[in-house]
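The file my_file_22.pdb comes next; it holds PDB, N, CA and C atoms and all ligand atoms.
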```pdb
ATOM      1  N   MET C   1       0.287  30.532  70.269
ATOM      2  CA  MET C   1      -0.462  29.326  70.641
ATOM      3  C   MET C   1       0.200  28.673  71.854
ATOM      4  N   VAL C   2      -0.574  28.438  72.859
ATOM      5  CA  VAL C   2      -0.033  27.853  74.099
ATOM      6  C   VAL C   2      -0.405  26.371  74.160
ATOM      7  N   TRP C   3       0.619  25.563  74.368
ATOM      8  CA  TRP C   3       0.406  24.118  74.455
ATOM      9  C   TRP C   3       0.235  23.713  75.904
ATOM     10  N   LYS C   4      -0.707  22.807  76.130
ATOM     11  CA  LYS C   4      -0.809  22.201  77.465
ATOM     12  C   LYS C   4       0.315  21.165  77.533
ATOM     13  N   PRO C   5       0.834  20.905  78.704
ATOM     14  CA  PRO C   5       1.954  19.958  78.817
ATOM     15  C   PRO C   5       1.682  18.609  78.148
ATOM     16  N   SER C   6       0.475  18.116  78.275
ATOM     17  CA  SER C   6       0.181  16.793  77.708
ATOM     18  C   SER C   6       0.215  16.837  76.181
ATOM     19  N   GLU C   7      -0.255  17.940  75.602
ATOM     20  CA  GLU C   7      -0.229  18.078  74.139
ATOM     21  C   GLU C   7       1.198  18.199  73.642
ATOM     22  N   LYS C   8       1.997  18.929  74.393
ATOM     23  CA  LYS C   8       3.395  19.113  74.046
ATOM     24  C   LYS C   8       4.118  17.766  74.054
ATOM     25  N   GLU C   9       3.762  16.969  75.057
ATOM     26  CA  GLU C   9       4.353  15.647  75.189
ATOM     27  C   GLU C   9       3.956  14.770  74.006
ATOM     28  N   GLU C  10       2.678  14.878  73.654
ATOM     29  CA  GLU C  10       2.176  14.070  72.543
ATOM     30  C   GLU C  10       2.878  14.462  71.242
ATOM     31  N   GLU C  11       3.026  15.759  71.077
ATOM     32  CA  GLU C  11       3.711  16.257  69.895
ATOM     33  C   GLU C  11       5.143  15.734  69.855
ATOM     34  N   TYR C  12       5.805  15.754  71.004
ATOM     35  CA  TYR C  12       7.178  15.281  71.109
ATOM     36  C   TYR C  12       7.281  13.801  70.724
ATOM     37  N   PHE C  13       6.376  12.998  71.270
ATOM     38  CA  PHE C  13       6.433  11.559  70.975
ATOM     39  C   PHE C  13       6.070  11.259  69.528
ATOM     40  N   ALA C  14       5.138  12.047  68.990
ATOM     41  CA  ALA C  14       4.775  11.852  67.582
ATOM     42  C   ALA C  14       5.963  12.163  66.685
ATOM     43  N   ARG C  15       6.676  13.239  67.050
ATOM     44  CA  ARG C  15       7.841  13.606  66.252
ATOM     45  C   ARG C  15       8.941  12.547  66.367
ATOM     46  N   MET C  16       9.108  12.024  67.606
ATOM     47  CA  MET C  16      10.092  10.962  67.833
ATOM     48  C   MET C  16       9.761   9.718  67.009
ATOM     49  N   GLU C  17       8.459   9.391  66.993
ATOM     50  CA  GLU C  17       8.017   8.226  66.246
ATOM     51  C   GLU C  17       8.277   8.410  64.752
ATOM     52  N   PHE C  18       7.973   9.632  64.290
ATOM     53  CA  PHE C  18       8.203   9.925  62.876
ATOM     54  C   PHE C  18       9.689   9.777  62.530
ATOM     55  N   GLU C  19      10.544  10.347  63.379
ATOM     56  CA  GLU C  19      11.986  10.274  63.133
ATOM     57  C   GLU C  19      12.478   8.825  63.117
ATOM     58  N   ARG C  20      11.956   8.030  64.070
ATOM     59  CA  ARG C  20      12.355   6.620  64.164
ATOM     60  C   ARG C  20      11.915   5.854  62.909
ATOM     61  N   LYS C  21      10.685   6.084  62.489
ATOM     62  CA  LYS C  21      10.181   5.392  61.304
ATOM     63  C   LYS C  21      10.886   5.862  60.031
ATOM     64  N   LYS C  22      11.225   7.140  60.000
ATOM     65  CA  LYS C  22      11.939   7.699  58.852
ATOM     66  C   LYS C  22      13.317   7.034  58.724
ATOM     67  N   LYS C  23      13.979   6.851  59.883
ATOM     68  CA  LYS C  23      15.292   6.210  59.889
ATOM     69  C   LYS C  23      15.200   4.781  59.368
ATOM     70  N   LEU C  24      14.134   4.088  59.802
ATOM     71  CA  LEU C  24      13.927   2.713  59.347
ATOM     72  C   LEU C  24      13.752   2.666  57.831
ATOM     73  N   GLU C  25      12.951   3.616  57.317
ATOM     74  CA  GLU C  25      12.721   3.666  55.869
ATOM     75  C   GLU C  25      14.008   3.992  55.118
ATOM     76  N   GLU C  26      14.787   4.909  55.690
ATOM     77  CA  GLU C  26      16.049   5.269  55.045
ATOM     78  C   GLU C  26      17.001   4.083  55.002
ATOM     79  N   GLU C  27      16.992   3.285  56.091
ATOM     80  CA  GLU C  27      17.839   2.100  56.114
ATOM     81  C   GLU C  27      17.369   1.052  55.109
ATOM     82  N   LYS C  28      16.031   0.912  55.031
ATOM     83  CA  LYS C  28      15.449  -0.015  54.053
ATOM     84  C   LYS C  28      15.878   0.391  52.643
ATOM     85  N   HIS C  29      15.817   1.701  52.376
ATOM     86  CA  HIS C  29      16.177   2.228  51.067
ATOM     87  C   HIS C  29      17.665   1.967  50.769
ATOM     88  N   LYS C  30      18.499   2.171  51.786
ATOM     89  CA  LYS C  30      19.933   1.954  51.631
ATOM     90  C   LYS C  30      20.215   0.486  51.279
ATOM     91  N   LYS C  31      19.524  -0.415  52.001
ATOM     92  CA  LYS C  31      19.685  -1.851  51.745
ATOM     93  C   LYS C  31      19.212  -2.198  50.340
ATOM     94  N   PHE C  32      18.126  -1.549  49.922
ATOM     95  CA  PHE C  32      17.583  -1.804  48.593
ATOM     96  C   PHE C  32      18.593  -1.386  47.523
ATOM     97  N   ILE C  33      19.196  -0.210  47.701
ATOM     98  CA  ILE C  33      20.178   0.297  46.748
ATOM     99  C   ILE C  33      21.392  -0.638  46.690
ATOM    100  N   GLU C  34      21.846  -1.073  47.882
ATOM    101  CA  GLU C  34      22.987  -1.988  47.922
ATOM    102  C   GLU C  34      22.664  -3.292  47.197
ATOM    103  N   GLY C  35      21.455  -3.805  47.450
ATOM    104  CA  GLY C  35      21.029  -5.040  46.803
ATOM    105  C   GLY C  35      20.926  -4.866  45.296
ATOM    106  N   GLU C  36      20.415  -3.711  44.888
ATOM    107  CA  GLU C  36      20.263  -3.410  43.470
ATOM    108  C   GLU C  36      21.620  -3.330  42.769
ATOM    109  N   LYS C  37      22.586  -2.701  43.454
ATOM    110  CA  LYS C  37      23.935  -2.611  42.899
ATOM    111  C   LYS C  37      24.529  -4.001  42.712
ATOM    112  N   LYS C  38      24.320  -4.858  43.715
ATOM    113  CA  LYS C  38      24.845  -6.224  43.676
ATOM    114  C   LYS C  38      24.177  -6.996  42.527
ATOM    115  N   ARG C  39      22.864  -6.831  42.429
ATOM    116  CA  ARG C  39      22.098  -7.525  41.402
ATOM    117  C   ARG C  39      22.555  -7.104  39.998
ATOM    118  N   LEU C  40      22.753  -5.799  39.812
ATOM    119  CA  LEU C  40      23.186  -5.291  38.509
ATOM    120  C   LEU C  40      24.583  -5.780  38.168
ATOM    121  N   LYS C  41      25.464  -5.824  39.196
ATOM    122  CA  LYS C  41      26.825  -6.289  38.941
ATOM    123  C   LYS C  41      26.813  -7.753  38.498
ATOM    124  N   GLU C  42      26.005  -8.567  39.229
ATOM    125  CA  GLU C  42      25.918  -9.987  38.868
ATOM    126  C   GLU C  42      25.335 -10.153  37.469
ATOM    127  N   LEU C  43      24.371  -9.307  37.142
ATOM    128  CA  LEU C  43      23.701  -9.396  35.846
ATOM    129  C   LEU C  43      24.624  -8.990  34.693
ATOM    130  N   HIS C  44      25.467  -7.983  34.929
ATOM    131  CA  HIS C  44      26.265  -7.429  33.833
ATOM    132  C   HIS C  44      27.730  -7.819  33.845
ATOM    133  N   TYR C  45      28.168  -8.494  34.918
ATOM    134  CA  TYR C  45      29.600  -8.791  35.025
ATOM    135  C   TYR C  45      30.080  -9.654  33.860
ATOM    136  N   MET C  46      31.139  -9.181  33.231
ATOM    137  CA  MET C  46      31.749  -9.853  32.083
ATOM    138  C   MET C  46      30.780 -10.050  30.907
ATOM    139  N   LYS C  47      29.856  -9.106  30.808
ATOM    140  CA  LYS C  47      28.966  -9.084  29.639
ATOM    141  C   LYS C  47      29.330  -7.850  28.823
ATOM    142  N   CYS C  48      29.219  -7.969  27.509
ATOM    143  CA  CYS C  48      29.554  -6.870  26.613
ATOM    144  C   CYS C  48      28.604  -5.682  26.864
ATOM    145  N   PRO C  49      29.157  -4.480  27.096
ATOM    146  CA  PRO C  49      28.285  -3.322  27.335
ATOM    147  C   PRO C  49      27.510  -2.891  26.094
ATOM    148  N   LYS C  50      27.928  -3.410  24.935
ATOM    149  CA  LYS C  50      27.287  -3.009  23.696
ATOM    150  C   LYS C  50      26.172  -3.965  23.273
ATOM    151  N   CYS C  51      26.465  -5.276  23.319
ATOM    152  CA  CYS C  51      25.463  -6.222  22.832
ATOM    153  C   CYS C  51      24.987  -7.197  23.901
ATOM    154  N   GLY C  52      25.628  -7.191  25.073
ATOM    155  CA  GLY C  52      25.147  -8.015  26.184
ATOM    156  C   GLY C  52      25.636  -9.457  26.213
ATOM    157  N   MET C  53      26.444  -9.851  25.200
ATOM    158  CA  MET C  53      26.951 -11.221  25.172
ATOM    159  C   MET C  53      28.163 -11.359  26.106
ATOM    160  N   GLU C  54      28.594 -12.602  26.325
ATOM    161  CA  GLU C  54      29.714 -12.844  27.236
ATOM    162  C   GLU C  54      31.025 -12.318  26.658
ATOM    163  N   LEU C  55      31.839 -11.774  27.571
ATOM    164  CA  LEU C  55      33.172 -11.322  27.180
ATOM    165  C   LEU C  55      34.176 -12.451  27.440
ATOM    166  N   ILE C  56      35.161 -12.537  26.587
ATOM    167  CA  ILE C  56      36.233 -13.520  26.764
ATOM    168  C   ILE C  56      37.469 -12.747  27.202
ATOM    169  N   GLU C  57      38.033 -13.184  28.342
ATOM    170  CA  GLU C  57      39.187 -12.486  28.887
ATOM    171  C   GLU C  57      40.478 -13.136  28.395
ATOM    172  N   ILE C  58      41.353 -12.292  27.869
ATOM    173  CA  ILE C  58      42.657 -12.763  27.404
ATOM    174  C   ILE C  58      43.737 -11.990  28.136
ATOM    175  N   LYS C  59      44.647 -12.743  28.787
ATOM    176  CA  LYS C  59      45.738 -12.079  29.496
ATOM    177  C   LYS C  59      46.927 -11.952  28.561
ATOM    178  N   TYR C  60      47.463 -10.740  28.486
ATOM    179  CA  TYR C  60      48.617 -10.503  27.625
ATOM    180  C   TYR C  60      49.516  -9.469  28.266
ATOM    181  N   GLN C  61      50.728  -9.858  28.596
ATOM    182  CA  GLN C  61      51.726  -8.983  29.232
ATOM    183  C   GLN C  61      51.154  -8.176  30.402
ATOM    184  N   GLY C  62      50.483  -8.878  31.277
ATOM    185  CA  GLY C  62      49.946  -8.248  32.490
ATOM    186  C   GLY C  62      48.662  -7.459  32.282
ATOM    187  N   ILE C  63      48.153  -7.476  31.057
ATOM    188  CA  ILE C  63      46.912  -6.754  30.754
ATOM    189  C   ILE C  63      45.814  -7.783  30.509
ATOM    190  N   LYS C  64      44.643  -7.494  31.028
ATOM    191  CA  LYS C  64      43.514  -8.389  30.765
ATOM    192  C   LYS C  64      42.593  -7.705  29.764
ATOM    193  N   VAL C  65      42.592  -8.227  28.571
ATOM    194  CA  VAL C  65      41.751  -7.658  27.517
ATOM    195  C   VAL C  65      40.466  -8.471  27.448
ATOM    196  N   ASP C  66      39.331  -7.783  27.518
ATOM    197  CA  ASP C  66      38.045  -8.466  27.419
ATOM    198  C   ASP C  66      37.491  -8.246  26.020
ATOM    199  N   LYS C  67      37.271  -9.371  25.327
ATOM    200  CA  LYS C  67      36.765  -9.255  23.966
ATOM    201  C   LYS C  67      35.425  -9.948  23.846
ATOM    202  N   CYS C  68      34.501  -9.267  23.189
ATOM    203  CA  CYS C  68      33.180  -9.848  22.967
ATOM    204  C   CYS C  68      33.257 -10.811  21.789
ATOM    205  N   TRP C  69      32.768 -12.036  21.994
ATOM    206  CA  TRP C  69      32.838 -13.027  20.913
ATOM    207  C   TRP C  69      31.806 -12.711  19.837
ATOM    208  N   ALA C  70      30.767 -11.934  20.193
ATOM    209  CA  ALA C  70      29.672 -11.696  19.242
ATOM    210  C   ALA C  70      29.907 -10.469  18.361
ATOM    211  N   CYS C  71      30.121  -9.286  18.975
ATOM    212  CA  CYS C  71      30.266  -8.067  18.172
ATOM    213  C   CYS C  71      31.734  -7.681  18.004
ATOM    214  N   GLU C  72      32.624  -8.444  18.671
ATOM    215  CA  GLU C  72      34.075  -8.263  18.564
ATOM    216  C   GLU C  72      34.590  -6.965  19.148
ATOM    217  N   GLY C  73      33.783  -6.334  19.997
ATOM    218  CA  GLY C  73      34.255  -5.160  20.725
ATOM    219  C   GLY C  73      35.335  -5.576  21.706
ATOM    220  N   VAL C  74      36.250  -4.664  21.979
ATOM    221  CA  VAL C  74      37.327  -4.930  22.929
ATOM    222  C   VAL C  74      37.190  -3.955  24.084
ATOM    223  N   TRP C  75      37.239  -4.469  25.318
ATOM    224  CA  TRP C  75      37.028  -3.652  26.507
ATOM    225  C   TRP C  75      38.215  -3.749  27.445
ATOM    226  N   LEU C  76      38.577  -2.637  28.005
ATOM    227  CA  LEU C  76      39.729  -2.575  28.903
ATOM    228  C   LEU C  76      39.318  -2.056  30.269
ATOM    229  N   ASP C  77      40.016  -2.534  31.300
ATOM    230  CA  ASP C  77      39.774  -2.038  32.655
ATOM    231  C   ASP C  77      40.512  -0.712  32.835
ATOM    232  N   ALA C  78      40.238  -0.070  33.978
ATOM    233  CA  ALA C  78      40.874   1.215  34.292
ATOM    234  C   ALA C  78      42.392   1.094  34.246
ATOM    235  N   GLY C  79      43.023   2.006  33.535
ATOM    236  CA  GLY C  79      44.483   2.059  33.467
ATOM    237  C   GLY C  79      45.102   1.180  32.395
ATOM    238  N   GLU C  80      44.306   0.272  31.815
ATOM    239  CA  GLU C  80      44.868  -0.660  30.837
ATOM    240  C   GLU C  80      45.134  -0.013  29.479
ATOM    241  N   LEU C  81      44.317   0.973  29.123
ATOM    242  CA  LEU C  81      44.551   1.658  27.847
ATOM    243  C   LEU C  81      45.898   2.389  27.902
ATOM    244  N   GLU C  82      46.153   3.049  29.051
ATOM    245  CA  GLU C  82      47.437   3.740  29.238
ATOM    246  C   GLU C  82      48.584   2.739  29.184
ATOM    247  N   ALA C  83      48.391   1.575  29.821
ATOM    248  CA  ALA C  83      49.439   0.549  29.839
ATOM    249  C   ALA C  83      49.723   0.042  28.431
ATOM    250  N   ILE C  84      48.664  -0.188  27.660
ATOM    251  CA  ILE C  84      48.824  -0.678  26.282
ATOM    252  C   ILE C  84      49.520   0.376  25.413
ATOM    253  N   SER C  85      49.211   1.645  25.671
ATOM    254  CA  SER C  85      49.816   2.715  24.867
ATOM    255  C   SER C  85      51.338   2.782  25.085
ATOM    256  N   ARG C  86      51.821   2.179  26.172
ATOM    257  CA  ARG C  86      53.266   2.160  26.415
ATOM    258  C   ARG C  86      53.943   0.925  25.834
ATOM    259  N   PHE C  87      53.163   0.030  25.211
ATOM    260  CA  PHE C  87      53.728  -1.181  24.600
ATOM    261  C   PHE C  87      54.625  -0.813  23.419
ATOM    262  N   GLU C  88      55.633  -1.664  23.188
ATOM    263  CA  GLU C  88      56.444  -1.539  21.971
ATOM    264  C   GLU C  88      55.550  -1.913  20.790
ATOM    265  N   LYS C  89      55.928  -1.411  19.626
ATOM    266  CA  LYS C  89      55.126  -1.692  18.427
ATOM    267  C   LYS C  89      54.978  -3.195  18.175
ATOM    268  N   THR C  90      56.061  -3.946  18.387
ATOM    269  CA  THR C  90      55.991  -5.395  18.135
ATOM    270  C   THR C  90      55.025  -6.087  19.101
ATOM    271  N   SER C  91      55.018  -5.637  20.363
ATOM    272  CA  SER C  91      54.084  -6.211  21.349
ATOM    273  C   SER C  91      52.649  -5.892  20.978
ATOM    274  N   LEU C  92      52.441  -4.684  20.475
ATOM    275  CA  LEU C  92      51.103  -4.284  20.038
ATOM    276  C   LEU C  92      50.635  -5.151  18.878
ATOM    277  N   ASP C  93      51.535  -5.340  17.905
ATOM    278  CA  ASP C  93      51.189  -6.177  16.747
ATOM    279  C   ASP C  93      50.827  -7.590  17.185
ATOM    280  N   LYS C  94      51.600  -8.112  18.175
ATOM    281  CA  LYS C  94      51.320  -9.467  18.671
ATOM    282  C   LYS C  94      49.957  -9.523  19.348
ATOM    283  N   LEU C  95      49.650  -8.466  20.100
ATOM    284  CA  LEU C  95      48.352  -8.415  20.780
ATOM    285  C   LEU C  95      47.221  -8.401  19.749
ATOM    286  N   PHE C  96      47.374  -7.569  18.713
ATOM    287  CA  PHE C  96      46.324  -7.498  17.680
ATOM    288  C   PHE C  96      46.189  -8.837  16.948
ATOM    289  N   SER C  97      47.325  -9.528  16.758
ATOM    290  CA  SER C  97      47.277 -10.786  15.992
ATOM    291  C   SER C  97      46.533 -11.866  16.762
ATOM    292  N   VAL C  98      46.465 -11.730  18.106
ATOM    293  CA  VAL C  98      45.696 -12.692  18.911
ATOM    294  C   VAL C  98      44.237 -12.692  18.449
ATOM    295  N   PHE C  99      43.753 -11.512  18.072
ATOM    296  CA  PHE C  99      42.326 -11.377  17.721
ATOM    297  C   PHE C  99      42.053 -11.512  16.229
ATOM    298  N   LYS C 100      43.149 -11.650  15.447
ATOM    299  CA  LYS C 100      42.932 -11.742  13.996
ATOM    300  C   LYS C 100      42.305 -13.065  13.605
ATOM    301  N   LYS C 101      41.458 -13.005  12.624
ATOM    302  CA  LYS C 101      40.779 -14.229  12.165
ATOM    303  C   LYS C 101      41.647 -14.950  11.148
TER     304      LYS C 101
HETATM  305 ZN    ZN I 201      29.343  -7.392  22.069
END
```
Show this structure as structure tokens.
Ligand SMILES: [Zn+2]
Amino acid sequence: MVWKPSEKEEEYFARMEFERKKKLEEEKHKKFIEGEKKRLKELHYMKCPKCGMELIEIKYQGIKVDKCWACEGVWLDAGELEAISRFEKTSLDKLFSVFKK
């Protein structure tokens, strides 16, 4: 198939337009994802992953333990479980007694 120069030009500009619009859509999508991530973080931050109620943060020996007041689940940040596992038995008992009724 032989293209006349003007048709070739038109094809080129159409493709350019498509690429430009595609980039715009991709950027829109990226912004949407970023916004969605932000929205989800704000919605779920310091909420219990199990029941959705507020978590209460308790600092103990450099560890921040998040405890749900409703279902009494206990949540730890990255590395905190390892840190707690290195506690002396007496420190562990003291930590557990904080949550005892
Ligand atoms: Zn809960």
List all protein, DNA and RNA residues that have an atom no more than 6.5 Å from any atom of ligand ZN 201 (chain I), counting all atoms listed in the file, and report them as a ChimeraX atom specification.
-> /C:48-53,68-73
Would you work out the distance separating CA of Glu54 in chain C from CA of Lys38 in chain C, expressed in Å to one decimal?
-> 18.4 Å
Centre and edge lengths of an axis-aligned box around all listed atoms of range 9-20 of chain C, with 5 Å added on each side, are to be given in Å to one decimal, as JSON.
```
{"center_x": 7.3, "center_y": 11.4, "center_z": 68.9, "size_x": 20.3, "size_y": 21.1, "size_z": 22.7}
```
Between CA of Arg39 in chain C and CA of Leu76 in chain C - distance in Å to one decimal |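 CA of Arg39 in chain C lies at a distance of 22.2 Å from CA of Leu76 in chain C.
Across the structure, CA of Leu92 in chain C and atom C of Gln61 in chain C are spaced 11.1 Å apart.
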Shell around Phe96 in chain C at 12 Å using only C-alpha atoms, local window under 2 positions removed, as a ChimeraX atom specification = /C:58,60,65,67,74,84,87,89-94,98-101
Complete range 6-17 of chain C with all heavy atoms (output as a short mmCIF file (atom, residue, chain, number, x, y, z; two decimals), in the frame of the given file).
```cif
data_model
loop_
_atom_site.label_atom_id
_atom_site.label_comp_id
_atom_site.auth_asym_id
_atom_site.auth_seq_id
_atom_site.Cartn_x
_atom_site.Cartn_y
_atom_site.Cartn_z
N SER C 6 0.48 18.12 78.28
CA SER C 6 0.18 16.79 77.71
C SER C 6 0.22 16.84 76.18
O SER C 6 0.67 15.90 75.54
CB SER C 6 -1.17 16.29 78.20
OG SER C 6 -2.18 17.18 77.77
N GLU C 7 -0.26 17.94 75.60
CA GLU C 7 -0.23 18.08 74.14
C GLU C 7 1.20 18.20 73.64
O GLU C 7 1.57 17.64 72.62
CB GLU C 7 -1.02 19.32 73.72
CG GLU C 7 -2.52 19.11 73.73
CD GLU C 7 -3.28 20.36 73.39
OE1 GLU C 7 -2.70 21.47 73.52
OE2 GLU C 7 -4.44 20.24 72.97
N LYS C 8 2.00 18.93 74.39
CA LYS C 8 3.40 19.11 74.05
C LYS C 8 4.12 17.77 74.05
O LYS C 8 4.93 17.48 73.19
CB LYS C 8 4.04 20.07 75.05
CG LYS C 8 5.15 20.90 74.43
CD LYS C 8 5.59 21.99 75.36
CE LYS C 8 6.61 22.88 74.67
NZ LYS C 8 6.95 24.03 75.49
N GLU C 9 3.76 16.97 75.06
CA GLU C 9 4.35 15.65 75.19
C GLU C 9 3.96 14.77 74.01
O GLU C 9 4.78 14.08 73.42
CB GLU C 9 3.85 15.02 76.49
CG GLU C 9 4.88 14.10 77.13
CD GLU C 9 4.42 13.67 78.51
OE1 GLU C 9 3.38 12.98 78.58
OE2 GLU C 9 5.07 14.06 79.47
N GLU C 10 2.68 14.88 73.65
CA GLU C 10 2.18 14.07 72.54
C GLU C 10 2.88 14.46 71.24
O GLU C 10 3.24 13.62 70.44
CB GLU C 10 0.67 14.26 72.42
CG GLU C 10 0.01 13.04 71.82
CD GLU C 10 -1.50 13.20 71.73
OE1 GLU C 10 -2.10 13.76 72.67
OE2 GLU C 10 -2.04 12.80 70.70
N GLU C 11 3.03 15.76 71.08
CA GLU C 11 3.71 16.26 69.90
C GLU C 11 5.14 15.73 69.86
O GLU C 11 5.63 15.28 68.82
CB GLU C 11 3.72 17.79 69.90
CG GLU C 11 4.29 18.38 68.62
CD GLU C 11 4.97 19.72 68.85
OE1 GLU C 11 4.83 20.29 69.95
OE2 GLU C 11 5.67 20.18 67.93
N TYR C 12 5.80 15.75 71.00
CA TYR C 12 7.18 15.28 71.11
C TYR C 12 7.28 13.80 70.72
O TYR C 12 8.12 13.42 69.91
CB TYR C 12 7.69 15.51 72.53
CG TYR C 12 9.04 14.90 72.80
CD1 TYR C 12 10.20 15.50 72.31
CD2 TYR C 12 9.15 13.72 73.53
CE1 TYR C 12 11.45 14.94 72.54
CE2 TYR C 12 10.39 13.15 73.77
CZ TYR C 12 11.54 13.76 73.28
OH TYR C 12 12.76 13.20 73.50
N PHE C 13 6.38 13.00 71.27
CA PHE C 13 6.43 11.56 70.97
C PHE C 13 6.07 11.26 69.53
O PHE C 13 6.64 10.36 68.92
CB PHE C 13 5.55 10.78 71.95
CG PHE C 13 6.18 10.65 73.32
CD1 PHE C 13 5.59 11.20 74.44
CD2 PHE C 13 7.40 9.98 73.46
CE1 PHE C 13 6.19 11.09 75.70
CE2 PHE C 13 8.00 9.87 74.71
CZ PHE C 13 7.41 10.42 75.83
N ALA C 14 5.14 12.05 68.99
CA ALA C 14 4.78 11.85 67.58
C ALA C 14 5.96 12.16 66.68
O ALA C 14 6.24 11.45 65.72
CB ALA C 14 3.60 12.76 67.22
N ARG C 15 6.68 13.24 67.05
CA ARG C 15 7.84 13.61 66.25
C ARG C 15 8.94 12.55 66.37
O ARG C 15 9.57 12.18 65.39
CB ARG C 15 8.38 14.97 66.69
CG ARG C 15 9.35 15.53 65.66
CD ARG C 15 10.06 16.77 66.12
NE ARG C 15 9.11 17.81 66.49
CZ ARG C 15 9.37 18.73 67.43
NH1 ARG C 15 10.51 18.72 68.07
NH2 ARG C 15 8.50 19.66 67.71
N MET C 16 9.11 12.02 67.61
CA MET C 16 10.09 10.96 67.83
C MET C 16 9.76 9.72 67.01
O MET C 16 10.63 9.10 66.42
CB MET C 16 10.14 10.58 69.32
CG MET C 16 10.72 11.65 70.22
SD MET C 16 12.47 11.91 69.96
CE MET C 16 13.11 10.54 70.90
N GLU C 17 8.46 9.39 66.99
CA GLU C 17 8.02 8.23 66.25
C GLU C 17 8.28 8.41 64.75
O GLU C 17 8.74 7.50 64.07
CB GLU C 17 6.53 7.97 66.51
CG GLU C 17 6.09 6.61 66.02
CD GLU C 17 4.59 6.41 66.09
OE1 GLU C 17 3.87 7.30 66.59
OE2 GLU C 17 4.14 5.35 65.62
#
```
